[in-house]
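> The file below is work-v7.pdb, PDB, C-alpha atoms and all ligand atoms:
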ATOM      1  CA  MET V 899       9.103 -10.860  13.290  1.00  0.00           C
ATOM      2  CA  GLN V 900      12.108 -11.041  10.938  1.00  0.00           C
ATOM      3  CA  THR V 901      10.033 -13.304   8.647  1.00  0.00           C
ATOM      4  CA  VAL V 902       7.092 -10.883   8.675  1.00  0.00           C
ATOM      5  CA  LEU V 903       9.433  -7.964   7.913  1.00  0.00           C
ATOM      6  CA  ILE V 904      10.908  -9.884   4.951  1.00  0.00           C
ATOM      7  CA  LEU V 905       7.378 -10.697   3.721  1.00  0.00           C
ATOM      8  CA  HIS V 906       6.321  -7.051   4.129  1.00  0.00           C
ATOM      9  CA  ASN V 907       9.426  -5.907   2.248  1.00  0.00           C
ATOM     10  CA  ILE V 908       9.104  -8.303  -0.686  1.00  0.00           C
ATOM     11  CA  LEU V 909       5.326  -8.124  -1.020  1.00  0.00           C
ATOM     12  CA  ARG V 910       5.718  -4.404  -1.727  1.00  0.00           C
ATOM     13  CA  TRP V 911       6.944  -5.448  -5.214  1.00  0.00           C
ATOM     14  CA  ALA V 912       3.781  -7.503  -5.779  1.00  0.00           C
ATOM     15  CA  VAL V 913       1.650  -4.537  -4.655  1.00  0.00           C
ATOM     16  CA  LEU V 914       3.476  -2.285  -7.140  1.00  0.00           C
ATOM     17  CA  PHE V 915       3.304  -4.880  -9.944  1.00  0.00           C
ATOM     18  CA  PHE V 916      -0.468  -5.377  -9.635  1.00  0.00           C
ATOM     19  CA  GLY V 917      -0.992  -1.666  -8.918  1.00  0.00           C
ATOM     20  CA  PHE V 918       0.716  -0.657 -12.178  1.00  0.00           C
ATOM     21  CA  TRP V 919      -1.018  -3.455 -14.096  1.00  0.00           C
ATOM     22  CA  THR V 920      -4.372  -2.124 -12.819  1.00  0.00           C
ATOM     23  CA  LEU V 921      -3.401   1.459 -13.687  1.00  0.00           C
ATOM     24  CA  ILE V 922      -2.332   0.526 -17.237  1.00  0.00           C
ATOM     25  CA  ASN V 923      -5.620  -1.368 -17.735  1.00  0.00           C
ATOM     26  CA  ALA V 924      -7.565   1.654 -16.458  1.00  0.00           C
ATOM     27  CA  ILE V 925      -5.707   4.089 -18.741  1.00  0.00           C
ATOM     28  CA  THR V 926      -6.097   1.904 -21.846  1.00  0.00           C
ATOM     29  CA  GLY V 927      -9.728   1.234 -20.894  1.00  0.00           C
ATOM     30  CA  VAL V 928     -10.564   4.935 -20.628  1.00  0.00           C
ATOM     31  CA  SER V 929      -8.587   5.984 -23.715  1.00  0.00           C
ATOM     32  CA  SER V 930      -9.761   3.208 -26.070  1.00  0.00           C
ATOM     33  CA  LYS V 931     -13.306   2.972 -24.642  1.00  0.00           C
ATOM     34  CA  ARG V 932     -13.042  -0.828 -24.625  1.00  0.00           C
ATOM     35  CA  ILE V 933     -15.192  -3.221 -22.619  1.00  0.00           C
ATOM     36  CA  TYR V 934     -14.387  -4.102 -18.990  1.00  0.00           C
ATOM     37  CA  THR V 935     -12.822  -7.554 -19.220  1.00  0.00           C
ATOM     38  CA  ALA V 936     -11.918 -10.420 -16.871  1.00  0.00           C
ATOM     39  CA  ASN V 937      -8.317  -9.181 -17.151  1.00  0.00           C
ATOM     40  CA  ASP V 938      -9.341  -5.787 -15.715  1.00  0.00           C
ATOM     41  CA  ASN V 939     -11.151  -7.510 -12.866  1.00  0.00           C
ATOM     42  CA  ARG V 940      -8.220  -9.855 -12.181  1.00  0.00           C
ATOM     43  CA  SER V 941      -5.636  -7.057 -12.053  1.00  0.00           C
ATOM     44  CA  ASN V 942      -7.486  -5.012  -9.425  1.00  0.00           C
ATOM     45  CA  LEU V 943      -8.524  -8.122  -7.465  1.00  0.00           C
ATOM     46  CA  PHE V 944      -4.849  -9.185  -7.129  1.00  0.00           C
ATOM     47  CA  PHE V 945      -3.927  -5.582  -6.235  1.00  0.00           C
ATOM     48  CA  MET V 946      -6.517  -5.666  -3.435  1.00  0.00           C
ATOM     49  CA  ILE V 947      -5.409  -9.094  -2.144  1.00  0.00           C
ATOM     50  CA  CYS V 948      -1.753  -7.947  -1.955  1.00  0.00           C
ATOM     51  CA  CYS V 949      -2.830  -4.771  -0.106  1.00  0.00           C
ATOM     52  CA  ASP V 950      -4.840  -6.920   2.343  1.00  0.00           C
ATOM     53  CA  ILE V 951      -1.804  -9.088   3.133  1.00  0.00           C
ATOM     54  CA  GLN V 952       0.365  -5.964   3.498  1.00  0.00           C
ATOM     55  CA  LEU V 953      -2.134  -4.521   5.973  1.00  0.00           C
ATOM     56  CA  LEU V 954      -2.057  -7.686   8.095  1.00  0.00           C
ATOM     57  CA  ALA V 955       1.752  -7.913   8.011  1.00  0.00           C
ATOM     58  CA  GLY V 956       2.031  -4.168   8.708  1.00  0.00           C
ATOM     59  CA  LEU V 957      -0.300  -4.390  11.725  1.00  0.00           C
ATOM     60  CA  ALA V 958       1.683  -7.367  13.078  1.00  0.00           C
ATOM     61  CA  LEU V 959       4.919  -5.349  12.785  1.00  0.00           C
ATOM     62  CA  TYR V 960       3.275  -2.265  14.254  1.00  0.00           C
ATOM     63  CA  PHE V 961       2.132  -4.032  17.419  1.00  0.00           C
ATOM     64  CA  SER V 962       5.008  -6.497  17.829  1.00  0.00           C
ATOM     65  CA  ASN V 963       7.970  -4.272  17.007  1.00  0.00           C
ATOM     66  CA  ALA V 964       7.273  -1.671  19.707  1.00  0.00           C
ATOM     67  CA  TRP V 965       5.956   1.043  17.361  1.00  0.00           C
ATOM     68  CA  PHE V 966       2.650   1.136  19.213  1.00  0.00           C
ATOM     69  CA  ASP V 967       4.499   1.201  22.559  1.00  0.00           C
ATOM     70  CA  LYS V 968       6.190   4.422  21.422  1.00  0.00           C
ATOM     71  CA  ILE V 969       2.782   6.019  20.858  1.00  0.00           C
ATOM     72  CA  LYS V 970       1.570   4.821  24.262  1.00  0.00           C
ATOM     73  CA  ALA V 971       4.639   6.426  25.844  1.00  0.00           C
ATOM     74  CA  GLY V 972       3.572   9.805  24.417  1.00  0.00           C
ATOM     75  CA  MET V 973       2.973  11.462  21.032  1.00  0.00           C
ATOM     76  CA  GLY V 974       5.300  14.399  21.772  1.00  0.00           C
ATOM     77  CA  PRO V 975       8.633  12.570  21.443  1.00  0.00           C
ATOM     78  CA  VAL V 976       7.301  10.485  18.514  1.00  0.00           C
ATOM     79  CA  MET V 977       6.343  13.575  16.499  1.00  0.00           C
ATOM     80  CA  LYS V 978       9.719  15.214  17.169  1.00  0.00           C
ATOM     81  CA  ASN V 979      11.640  12.231  15.802  1.00  0.00           C
ATOM     82  CA  GLY V 980      11.326  11.981  11.990  1.00  0.00           C
ATOM     83  CA  TYR V 981      12.080   8.254  11.877  1.00  0.00           C
ATOM     84  CA  ASP V 982       9.565   7.323  14.598  1.00  0.00           C
ATOM     85  CA  ARG V 983       6.964   9.720  13.195  1.00  0.00           C
ATOM     86  CA  PHE V 984       7.258   8.155   9.741  1.00  0.00           C
ATOM     87  CA  PHE V 985       6.671   4.547  10.791  1.00  0.00           C
ATOM     88  CA  THR V 986       4.152   5.123  13.611  1.00  0.00           C
ATOM     89  CA  VAL V 987       2.039   7.864  12.010  1.00  0.00           C
ATOM     90  CA  GLU V 988       2.767   8.656   8.339  1.00  0.00           C
ATOM     91  CA  HIS V 989       3.513   5.242   6.820  1.00  0.00           C
ATOM     92  CA  ALA V 990       0.791   3.404   8.752  1.00  0.00           C
ATOM     93  CA  GLY V 991      -1.804   6.180   8.306  1.00  0.00           C
ATOM     94  CA  VAL V 992      -1.295   6.801   4.588  1.00  0.00           C
ATOM     95  CA  MET V 993      -1.098   3.067   3.785  1.00  0.00           C
ATOM     96  CA  ILE V 994      -4.384   2.439   5.630  1.00  0.00           C
ATOM     97  CA  LEU V 995      -5.922   5.288   3.591  1.00  0.00           C
ATOM     98  CA  ALA V 996      -4.641   3.635   0.387  1.00  0.00           C
ATOM     99  CA  TRP V 997      -6.078   0.299   1.540  1.00  0.00           C
ATOM    100  CA  ILE V 998      -9.495   1.937   2.122  1.00  0.00           C
ATOM    101  CA  LEU V 999      -9.350   3.518  -1.360  1.00  0.00           C
ATOM    102  CA  VAL V1000      -8.619   0.120  -2.916  1.00  0.00           C
ATOM    103  CA  HIS V1001     -11.610  -1.484  -1.157  1.00  0.00           C
ATOM    104  CA  VAL V1002     -14.019   1.400  -1.822  1.00  0.00           C
ATOM    105  CA  GLY V1003     -12.701   1.497  -5.404  1.00  0.00           C
ATOM    106  CA  ARG V1004     -13.365  -2.178  -6.015  1.00  0.00           C
ATOM    107  CA  SER V1005     -16.914  -1.894  -4.813  1.00  0.00           C
ATOM    108  CA  ALA V1006     -17.423   1.315  -6.865  1.00  0.00           C
ATOM    109  CA  VAL V1007     -16.112  -0.447  -9.992  1.00  0.00           C
ATOM    110  CA  LYS V1008     -18.460  -3.388  -9.388  1.00  0.00           C
ATOM    111  CA  LYS V1009     -21.479  -1.087  -8.981  1.00  0.00           C
ATOM    112  CA  ALA V1010     -20.672   1.197 -11.948  1.00  0.00           C
ATOM    113  CA  PRO V1011     -23.423   0.789 -14.576  1.00  0.00           C
ATOM    114  CA  THR V1012     -21.307   0.957 -17.771  1.00  0.00           C
ATOM    115  CA  ASP V1013     -17.872  -0.262 -18.891  1.00  0.00           C
ATOM    116  CA  ALA V1014     -16.735   3.351 -19.406  1.00  0.00           C
ATOM    117  CA  ALA V1015     -17.767   4.208 -15.828  1.00  0.00           C
ATOM    118  CA  LYS V1016     -15.961   1.117 -14.496  1.00  0.00           C
ATOM    119  CA  HIS V1017     -12.694   2.153 -16.188  1.00  0.00           C
ATOM    120  CA  LYS V1018     -13.049   5.723 -14.945  1.00  0.00           C
ATOM    121  CA  LYS V1019     -13.606   4.594 -11.344  1.00  0.00           C
ATOM    122  CA  MET V1020     -10.694   2.168 -11.687  1.00  0.00           C
ATOM    123  CA  LEU V1021      -8.440   5.020 -12.812  1.00  0.00           C
ATOM    124  CA  ILE V1022      -9.479   7.394 -10.015  1.00  0.00           C
ATOM    125  CA  PHE V1023      -9.519   5.031  -7.009  1.00  0.00           C
ATOM    126  CA  PHE V1024      -6.639   2.702  -7.859  1.00  0.00           C
ATOM    127  CA  GLY V1025      -4.532   5.494  -9.393  1.00  0.00           C
ATOM    128  CA  LEU V1026      -4.821   7.558  -6.219  1.00  0.00           C
ATOM    129  CA  ALA V1027      -4.145   4.525  -4.002  1.00  0.00           C
ATOM    130  CA  LEU V1028      -1.027   3.658  -6.017  1.00  0.00           C
ATOM    131  CA  LEU V1029       0.238   7.233  -5.735  1.00  0.00           C
ATOM    132  CA  LEU V1030      -0.205   7.195  -1.941  1.00  0.00           C
ATOM    133  CA  ILE V1031       1.598   3.839  -1.732  1.00  0.00           C
ATOM    134  CA  LEU V1032       4.506   5.067  -3.876  1.00  0.00           C
ATOM    135  CA  VAL V1033       5.102   8.161  -1.757  1.00  0.00           C
ATOM    136  CA  SER V1034       4.797   6.265   1.553  1.00  0.00           C
ATOM    137  CA  ILE V1035       7.266   3.466   0.893  1.00  0.00           C
ATOM    138  CA  PRO V1036      10.526   3.906   2.866  1.00  0.00           C
ATOM    139  CA  TRP V1037      12.713   3.835  -0.274  1.00  0.00           C
ATOM    140  CA  PRO V1038      16.501   3.509   0.231  1.00  0.00           C
ATOM    141  CA  PHE V1039      17.001   6.995  -1.279  1.00  0.00           C
ATOM    142  CA  ARG V1040      14.828   8.643   1.402  1.00  0.00           C
ATOM    143  CA  ALA V1041      17.659   9.578   3.732  1.00  0.00           C
ATOM    144  CA  GLU V1042      16.064   9.640   7.181  1.00  0.00           C
ATOM    145  CA  ILE V1043      13.729   6.673   6.800  1.00  0.00           C
ATOM    146  CA  ALA V1044      15.705   4.561   4.291  1.00  0.00           C
ATOM    147  CA  ARG V1045      15.025   0.817   4.155  1.00  0.00           C
ATOM    148  CA  PRO V1046      16.503  -1.665   1.618  1.00  0.00           C
ATOM    149  CA  TYR V1047      14.914  -2.590  -1.740  1.00  0.00           C
ATOM    150  CA  PHE V1048      15.184  -6.248  -0.722  1.00  0.00           C
ATOM    151  CA  ARG V1049      15.585  -7.868   2.659  1.00  0.00           C
ATOM    152  CA  TRP V1050      16.575 -11.465   3.453  1.00  0.00           C
ATOM    153  CA  PHE V1051      17.535 -13.516   6.536  1.00  0.00           C
ATOM    154  CA  ASN V1052      20.918 -12.557   7.975  1.00  0.00           C
TER     155      ASN V1052
HETATM  156  C1  LIG P1101       0.516  -1.322   0.449  1.00  0.00           C
HETATM  157  C2  LIG P1101       0.815  -1.189   1.692  1.00  0.00           C
HETATM  158  C3  LIG P1101       2.190  -1.184   2.273  1.00  0.00           C
HETATM  159  C4  LIG P1101       3.432  -1.233   1.681  1.00  0.00           C
HETATM  160  C5  LIG P1101       3.752  -1.299   0.194  1.00  0.00           C
HETATM  161  C6  LIG P1101       4.401  -1.198   2.750  1.00  0.00           C
HETATM  162  C7  LIG P1101       5.780  -1.233   2.566  1.00  0.00           C
HETATM  163  C8  LIG P1101       6.718  -1.242   3.582  1.00  0.00           C
HETATM  164  C9  LIG P1101       8.135  -1.386   3.382  1.00  0.00           C
HETATM  165  C10 LIG P1101       8.826  -1.560   2.037  1.00  0.00           C
HETATM  166  C11 LIG P1101       8.712  -1.362   4.615  1.00  0.00           C
HETATM  167  C12 LIG P1101      10.218  -1.518   4.950  1.00  0.00           C
HETATM  168  C13 LIG P1101      10.496  -2.994   5.196  1.00  0.00           C
HETATM  169  C14 LIG P1101      11.955  -3.256   5.534  1.00  0.00           C
HETATM  170  O1  LIG P1101      12.502  -2.584   6.413  1.00  0.00           O
HETATM  171  O2  LIG P1101      12.555  -4.147   4.911  1.00  0.00           O
HETATM  172  C15 LIG P1101       7.673  -1.176   5.611  1.00  0.00           C
HETATM  173  C16 LIG P1101       7.862  -1.101   6.978  1.00  0.00           C
HETATM  174  C17 LIG P1101       6.850  -1.014   7.894  1.00  0.00           C
HETATM  175  N1  LIG P1101       5.495  -0.984   7.630  1.00  0.00           N
HETATM  176 FE1  LIG P1101       4.622  -1.045   5.804  1.00  0.00          FE
HETATM  177  N2  LIG P1101       3.749  -1.119   3.958  1.00  0.00           N
HETATM  178  C18 LIG P1101       2.406  -1.110   3.715  1.00  0.00           C
HETATM  179  C19 LIG P1101       1.388  -1.025   4.639  1.00  0.00           C
HETATM  180  C20 LIG P1101       1.567  -0.930   5.996  1.00  0.00           C
HETATM  181  C21 LIG P1101       0.518  -0.801   6.977  1.00  0.00           C
HETATM  182  C22 LIG P1101      -0.979  -0.719   6.623  1.00  0.00           C
HETATM  183  C23 LIG P1101       1.106  -0.740   8.209  1.00  0.00           C
HETATM  184  C24 LIG P1101       0.524  -0.610   9.581  1.00  0.00           C
HETATM  185  C25 LIG P1101      -0.687  -0.460   9.903  1.00  0.00           C
HETATM  186  C26 LIG P1101       2.533  -0.845   8.001  1.00  0.00           C
HETATM  187  C27 LIG P1101       3.466  -0.823   9.014  1.00  0.00           C
HETATM  188  C28 LIG P1101       4.826  -0.889   8.832  1.00  0.00           C
HETATM  189  C29 LIG P1101       5.782  -0.846   9.921  1.00  0.00           C
HETATM  190  C30 LIG P1101       5.458  -0.733  11.409  1.00  0.00           C
HETATM  191  C31 LIG P1101       7.051  -0.927   9.334  1.00  0.00           C
HETATM  192  C32 LIG P1101       8.397  -0.935  10.082  1.00  0.00           C
HETATM  193  C33 LIG P1101       8.687  -2.351  10.493  1.00  0.00           C
HETATM  194  C34 LIG P1101       9.855  -2.472  11.449  1.00  0.00           C
HETATM  195  O3  LIG P1101      10.992  -2.196  11.052  1.00  0.00           O
HETATM  196  O4  LIG P1101       9.614  -2.799  12.613  1.00  0.00           O
HETATM  197  N3  LIG P1101       2.780  -0.959   6.653  1.00  0.00           N
HETATM  198  N4  LIG P1101       6.453  -1.121   4.944  1.00  0.00           N
END
Write out the structure in this file as structure tokens.

Amino acid sequence: MQTVLILHNILRWAVLFFGFWTLINAITGVSSKRIYTANDNRSNLFFMICCDIQLLAGLALYFSNAWFDKIKAGMGPVMKNGYDRFFTVEHAGVMILAWILVHVGRSAVKKAPTDAAKHKKMLIFFGLALLLILVSIPWPFRAEIARPYFRWFN
């Protein structure tokens, strides 16, 4: 599971890279009223693929690293412990919500009838998903739940 944890740690940077690329495309698309290009499509497709891999890695960690066992043992103690509550409930729950937004967003962008509507949907769905991801990452400066910026084999 060390390898999966390293993958999950490092892939967060790819998620953020493609998330911000998508957001910048959406903002420039809305503000300059330009056409929806292959570059717009590529940015949010890569964002979605990275989120998909994160979901799989996250689920593997969740079930293999005893987080789910803690829930089975009882929600009371989990909710009282900030660290356990973050990883079992908050991080997993909010990230799954972000993942749903990315998938619903991609289908909404595809179905939108005009380029202006596509950019608007891109801004709303992917912008909100990126915000949820940013606030749910266990950054090193978040005292109780701190995890490193980078992780490698030790
Ligand atoms: C875009 C989505 C996600 C991002 C950016 C993300 C990011 C992270 C980061 C940076 C860590 C800390 C890694 C480390 O300690 O080096 C982490 C830990 C963790 N994540 Fe995620 N995550 C995402 C989605 C998910 C999902 C959907 C789940 C579960 C359903 C999940 C479950 C976990 C668990 C259980 C841990 C703790 C692993 C352990 O120490 O045993 N993550 N995540």
> Could you spell out the hits of the PyMOL selection byres (((chain V and resi 1030) around 10) and not hetatm) on the shown file, as a PDB file with C-alpha atoms, in the coordinates of the input?

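Final output, result00.pdb:
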ATOM      1  CA  HIS V 989       3.513   5.242   6.820  1.00  0.00           C
ATOM      2  CA  VAL V 992      -1.295   6.801   4.588  1.00  0.00           C
ATOM      3  CA  MET V 993      -1.098   3.067   3.785  1.00  0.00           C
ATOM      4  CA  ILE V 994      -4.384   2.439   5.630  1.00  0.00           C
ATOM      5  CA  LEU V 995      -5.922   5.288   3.591  1.00  0.00           C
ATOM      6  CA  ALA V 996      -4.641   3.635   0.387  1.00  0.00           C
ATOM      7  CA  TRP V 997      -6.078   0.299   1.540  1.00  0.00           C
ATOM      8  CA  LEU V 999      -9.350   3.518  -1.360  1.00  0.00           C
ATOM      9  CA  PHE V1024      -6.639   2.702  -7.859  1.00  0.00           C
ATOM     10  CA  GLY V1025      -4.532   5.494  -9.393  1.00  0.00           C
ATOM     11  CA  LEU V1026      -4.821   7.558  -6.219  1.00  0.00           C
ATOM     12  CA  ALA V1027      -4.145   4.525  -4.002  1.00  0.00           C
ATOM     13  CA  LEU V1028      -1.027   3.658  -6.017  1.00  0.00           C
ATOM     14  CA  LEU V1029       0.238   7.233  -5.735  1.00  0.00           C
ATOM     15  CA  ILE V1031       1.598   3.839  -1.732  1.00  0.00           C
ATOM     16  CA  LEU V1032       4.506   5.067  -3.876  1.00  0.00           C
ATOM     17  CA  VAL V1033       5.102   8.161  -1.757  1.00  0.00           C
ATOM     18  CA  SER V1034       4.797   6.265   1.553  1.00  0.00           C
ATOM     19  CA  ILE V1035       7.266   3.466   0.893  1.00  0.00           C
TER      20      ILE V1035
END
> Would you list the contacts of Val987 in chain V as JSON, numbers by chain, taking every protein, DNA or RNA residue within 12 Å and counting only C-alpha atoms, but skipping same-chain residues closer than 3 positions in sequence?
{"V": [960, 965, 966, 968, 969, 973, 976, 977, 978, 979, 980, 981, 982, 983, 984, 990, 991, 992, 993, 994, 995, 1034]}
> Excluding Thr901 in chain V and any residue of its chain fewer than 2 positions from it, enumerate the residues within 12 Å of it, using all atoms listed in the file, and give them as a list in words.
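Non-adjacent residues within range: Met899, Leu903, Ile904, Leu905, His906, Asn907, Ile908, Leu909, Ala955, Ala958, Leu959, Arg1049, Trp1050, Phe1051 and Asn1052 of chain V.
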> Identify which of the residues V:Gln952, V:Thr1012, V:Thr920, V:Ser930 lies closest to ligand LIG 1101 (chain P), counting only C-alpha atoms and all ligand atoms when measuring atom-to-atom distances.
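Result for the nearest residue to ligand LIG 1101 (chain P): V:Gln952.
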> Could you pull the residues within 9 Å of Ile1022 in chain V, counting only C-alpha atoms, minus those fewer than 5 positions along the same chain, as a list in words?
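Returned residues: Ala924, Gly1003, His1017 and Ala1027 of chain V.
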> For ligand LIG 1101 (chain P), what centre and edge lengths in Å (one decimal) does the axis-aligned box get once 6 Å is added on each side of all its listed atoms, as AutoDock Vina command-line options?

--center_x 5.8 --center_y -2.3 --center_z 6.4 --size_x 25.5 --size_y 15.7 --size_z 24.4
> Between CA of Cys948 in chain V and CA of Val913 in chain V, what is the distance, to one decimal in Å?
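Result for CA of Cys948 in chain V versus CA of Val913 in chain V: 5.5 Å, one decimal.
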> Kindly indicate which residue among V:Ile922, V:Ala1014, V:Val902, V:Cys949 lies nearest to Tyr934 in chain V, using only C-alpha atoms for the distances.
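Of V:Ile922, V:Ala1014, V:Val902, V:Cys949, the one nearest Tyr934 in chain V is V:Ala1014, counting only C-alpha atoms.
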> Could you jot down the atom C20 of ligand LIG 1101 (chain P) to CA of Asp967 in chain V separation for me, Å, one decimal place?
17.0 Å
> Would you please work out which residue, of V:Val928, V:Asn963, V:Thr935, V:Val1000, is nearest to Ile947 in chain V when using only C-alpha atoms?
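The closest residue to Ile947 in chain V is V:Val1000.
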> Can you work out the spacing between CA of Trp911 in chain V and CA of Pro1046 in chain V in Å, to one decimal?
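Atom-to-atom, CA of Trp911 in chain V and CA of Pro1046 in chain V are spaced 12.3 Å apart.
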> Pull the neighbourhood of (-14.1, 0.2, -6.0) for me: all residues within 10 Å in file coordinates, counting all atoms listed in the file, as an NGL selection string.
:V and (942 or 946 or 998-1010 or 1016 or 1019-1020 or 1022-1024)
> Restricting the calculation to only C-alpha atoms: of V:Ile933, V:Glu988, V:Leu957, V:Arg1040, which residue gets closest to Ala1015 in chain V?
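Once distances to Ala1015 in chain V are computed over only C-alpha atoms, the minimum belongs to V:Ile933.
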> Pick the closest to Ile951 in chain V from V:Ala936, V:Ala964, V:Trp919, V:Arg910: which is it, counting all atoms listed in the file?
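Nearest to Ile951 in chain V: V:Arg910.
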> Which residue, V:Ala912, V:Lys970, V:Arg932, V:Ile925, has the smallest gap to ligand LIG 1101 (chain P) when you use all atoms listed in the file?
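Counting all atoms listed in the file, the residue closest to ligand LIG 1101 (chain P) is V:Ala912.
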> Because the input lacks atoms here, generate N, CA and C atoms for range 985-1002 of chain V and report them as a compact mmCIF listing (two decimals), in the coordinates of the input.

# COMPACT_ATOMS: atom_id res chain seq x y z
N PHE V 985 7.22 5.91 10.70
CA PHE V 985 6.67 4.55 10.79
C PHE V 985 5.41 4.46 11.66
N THR V 986 5.33 5.25 12.73
CA THR V 986 4.15 5.12 13.61
C THR V 986 2.93 5.87 13.07
N VAL V 987 3.17 7.03 12.42
CA VAL V 987 2.04 7.86 12.01
C VAL V 987 1.88 7.91 10.48
N GLU V 988 2.92 8.38 9.77
CA GLU V 988 2.77 8.66 8.34
C GLU V 988 2.61 7.39 7.51
N HIS V 989 3.56 6.47 7.63
CA HIS V 989 3.51 5.24 6.82
C HIS V 989 2.23 4.46 7.11
N ALA V 990 1.97 4.20 8.38
CA ALA V 990 0.79 3.40 8.75
C ALA V 990 -0.49 4.13 8.33
N GLY V 991 -0.58 5.43 8.61
CA GLY V 991 -1.80 6.18 8.31
C GLY V 991 -2.09 6.25 6.81
N VAL V 992 -1.07 6.62 6.03
CA VAL V 992 -1.30 6.80 4.59
C VAL V 992 -1.56 5.44 3.93
N MET V 993 -0.87 4.39 4.38
CA MET V 993 -1.10 3.07 3.78
C MET V 993 -2.51 2.55 4.10
N ILE V 994 -3.01 2.86 5.29
CA ILE V 994 -4.38 2.44 5.63
C ILE V 994 -5.38 3.20 4.74
N LEU V 995 -5.08 4.48 4.49
CA LEU V 995 -5.92 5.29 3.59
C LEU V 995 -5.92 4.66 2.18
N ALA V 996 -4.75 4.27 1.72
CA ALA V 996 -4.64 3.64 0.39
C ALA V 996 -5.44 2.33 0.36
N TRP V 997 -5.35 1.57 1.44
CA TRP V 997 -6.08 0.30 1.54
C TRP V 997 -7.60 0.54 1.47
N ILE V 998 -8.06 1.60 2.16
CA ILE V 998 -9.49 1.94 2.12
C ILE V 998 -9.90 2.30 0.69
N LEU V 999 -9.05 3.12 0.02
CA LEU V 999 -9.35 3.52 -1.36
C LEU V 999 -9.47 2.31 -2.29
N VAL V 1000 -8.60 1.32 -2.08
CA VAL V 1000 -8.62 0.12 -2.92
C VAL V 1000 -9.94 -0.64 -2.70
N HIS V 1001 -10.36 -0.75 -1.44
CA HIS V 1001 -11.61 -1.48 -1.16
C HIS V 1001 -12.85 -0.73 -1.64
N VAL V 1002 -12.89 0.59 -1.36
CA VAL V 1002 -14.02 1.40 -1.82
C VAL V 1002 -14.03 1.39 -3.36
